[in-house]
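Trainee: This structure is in structure tokens; I'll ask about it shortly.
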Amino acid sequence: MKRKKLWLFTVIALFTSVMIGGNYFTAVEAASKNKQKHADEHGDNMFIGGTLLTSNRSKMTVCVENVSSIRGKDVSDEKIVAKIEKQIEKLSRENKRYKEVNYDSVDVEVTEGCSFTPFLNDPSNSHPVYGGGSGDRVVDQPSKESLGIFIVDQEVIDRNFDKAPNRWSPEELICEGHECFEVTKGIYFTPDEIKDIKKDNTLYQELVYGFGLESMISNEVDEEKQKKDREKKEKEKKEMKNNNS
């Protein structure tokens, strides 16, 4: 019951306190700088903040994978990669925050295939905000990719994004001490959406979210999610300690 109440709070908070703009990003950037300094001093932290977020990444990698039941040249990974590269180029030219958060100082690469599976493609998992929340997203070693763009069947969208304001989903989180951080995002489309040229504006806006240039999630929701993940991680550690004793 406590878990259900927590997710209900998250859903309510999302739609009552959406936060986009200056104050949010100023706080995030300040926190990232502090985390980077802490990592430099201690050397062993996986989360470093900044543009790449984790110490095992040397560039901003966006992976693309079609896991839907529909195959064809219009939804091939190669064609989707080209479409996404075009929109990222547009993003680098038109969005002023692209340079402000230093994406222009790192390599940005779009690749075919992802090293991690799309979390929401598993029917036993659901979106932590829009779909009721289930499944464990905390990982010890995050993937090299920062963003995954997945082509899925319509039922995945219907199950997880009904009336949702965007197609974002957290794919991987890491926890250090009493803090948890989202380090890998996912964006979900259907085959019809990704191949429709008229949907390029939608793809562009979703990339804005995927690159963290705007946020549809309030700081309060993010804190509540971190609290939940922190409590879960602490519980797992206690259970592991008890099992080993």
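Simple scheme: letters A, B, ... for chains in structure tokens order, numbers from 1 for residues in each chain, numbers from 1 for ligands in the order shown.
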To test your reading of the structure, identify every residue in stretch 11-208 of chain A that backbone DSSP assigns to strand (DSSP E or B), and report it as an MDAnalysis selection string.

Mentor: chainID A and resid 47:49 53:54 60:66 108:112 126 134 138 147:151 168:176 179:189

Trainee: Per residue of stretch 132-201 of chain A within 9 Å of stretch 65-68 of chain A, which atom pair is closest and at what distance in Å (one decimal), using only C-alpha atoms, listed by chain and increasing number, as JSON lines?

Mentor:
```
{"residue": "A:Gly148", "atom": "CA", "partner": "A:Glu65", "partner_atom": "CA", "distance": 7.8}
{"residue": "A:Ile149", "atom": "CA", "partner": "A:Glu65", "partner_atom": "CA", "distance": 6.5}
{"residue": "A:Phe150", "atom": "CA", "partner": "A:Glu65", "partner_atom": "CA", "distance": 5.2}
{"residue": "A:Ile151", "atom": "CA", "partner": "A:Asn66", "partner_atom": "CA", "distance": 4.5}
{"residue": "A:Val152", "atom": "CA", "partner": "A:Ser68", "partner_atom": "CA", "distance": 4.3}
{"residue": "A:Asp153", "atom": "CA", "partner": "A:Ser68", "partner_atom": "CA", "distance": 4.9}
{"residue": "A:Gln154", "atom": "CA", "partner": "A:Ser68", "partner_atom": "CA", "distance": 8.7}
{"residue": "A:Thr190", "atom": "CA", "partner": "A:Ser68", "partner_atom": "CA", "distance": 7.8}
{"residue": "A:Pro191", "atom": "CA", "partner": "A:Ser68", "partner_atom": "CA", "distance": 7.4}
```

Trainee: Keeping only N, CA and C atoms, take the residues you just selected and write them out as a tab-separated table (two decimals), in the first residue's frame.

Mentor:
```
chain	number	residue	atom	x	y	z
A	148	GLY	N	18.45	6.04	-25.44
A	148	GLY	CA	18.00	5.01	-26.37
A	148	GLY	C	16.69	5.43	-27.02
A	149	ILE	N	16.61	5.31	-28.33
A	149	ILE	CA	15.37	5.60	-29.05
A	149	ILE	C	14.84	4.27	-29.58
A	150	PHE	N	13.66	3.90	-29.09
A	150	PHE	CA	13.13	2.58	-29.37
A	150	PHE	C	11.84	2.66	-30.19
A	151	ILE	N	11.76	1.78	-31.19
A	151	ILE	CA	10.55	1.65	-31.99
A	151	ILE	C	9.81	0.43	-31.47
A	152	VAL	N	8.61	0.63	-30.98
A	152	VAL	CA	7.86	-0.43	-30.32
A	152	VAL	C	6.46	-0.53	-30.90
A	153	ASP	N	5.79	-1.61	-30.58
A	153	ASP	CA	4.41	-1.79	-31.03
A	153	ASP	C	3.48	-0.82	-30.30
A	154	GLN	N	2.33	-0.55	-30.93
A	154	GLN	CA	1.37	0.41	-30.39
A	154	GLN	C	0.93	0.06	-28.97
A	190	THR	N	6.16	4.54	-32.18
A	190	THR	CA	5.66	3.42	-32.98
A	190	THR	C	6.28	3.50	-34.37
A	191	PRO	N	6.25	2.42	-35.15
A	191	PRO	CA	6.78	2.46	-36.52
A	191	PRO	C	6.12	3.54	-37.38
```

Trainee: At a cut-off of 7 Å, using only C-alpha atoms, what residues contact stretch 164-170 of chain A? Leave out same-chain residues fewer than 6 positions from it and give the result as a PyMOL selection string.

Mentor: chain A and resi 127+130+182+184-188+206

Trainee: Measure the distance from atom CA of A:Gly50 to atom CA of A:Pro142 in Å and round it to one decimal.

Mentor: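 Calculated distance between atom CA of A:Gly50 and atom CA of A:Pro142 is 15.5 Å.
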
Trainee: Go ahead and compute the interatomic distance for atom CA of A:Lys73 and atom CA of A:Gly113, in Å to one decimal.

Mentor: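 Rounded to one decimal, the two atoms are 15.8 Å apart.
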
Trainee: Go through A:His178, A:Lys79, A:Asn160, A:Ser215 and flag the residue nearest A:Pro128, using only C-alpha atoms for the distances.

Mentor: A:Asn160

Trainee: Please extract the residues of stretch 80-214 of chain A with a backbone DSSP assignment of alpha helix (DSSP H) and present them as a VMD selection string.

Mentor: chain A and resid 80 to 94 97 to 100 154 to 160 191 to 195 200 to 210

Trainee: Report as JSON lines the residues of stretch 107-212 of chain A within 8 Å of stretch 82-102 of chain A, each with its shortest atom pair and distance in Å (one decimal), using only C-alpha atoms, ordered by chain and increasing residue number.

Mentor:
```
{"residue": "A:Val110", "atom": "CA", "partner": "A:Glu85", "partner_atom": "CA", "distance": 6.7}
{"residue": "A:Asp200", "atom": "CA", "partner": "A:Gln87", "partner_atom": "CA", "distance": 7.6}
{"residue": "A:Leu203", "atom": "CA", "partner": "A:Gln87", "partner_atom": "CA", "distance": 7.5}
{"residue": "A:Tyr204", "atom": "CA", "partner": "A:Gln87", "partner_atom": "CA", "distance": 5.7}
{"residue": "A:Leu207", "atom": "CA", "partner": "A:Ile88", "partner_atom": "CA", "distance": 7.5}
{"residue": "A:Val208", "atom": "CA", "partner": "A:Leu91", "partner_atom": "CA", "distance": 7.5}
```

Trainee: Env of A:Leu52: 10 Å cut, atoms = only C-alpha atoms, seq-sep filter 3 positions within chain, self excluded. Answer as a ChimeraX atom specification.

Mentor: /A:47-49,55-61,102-103,106,144-146,183-184
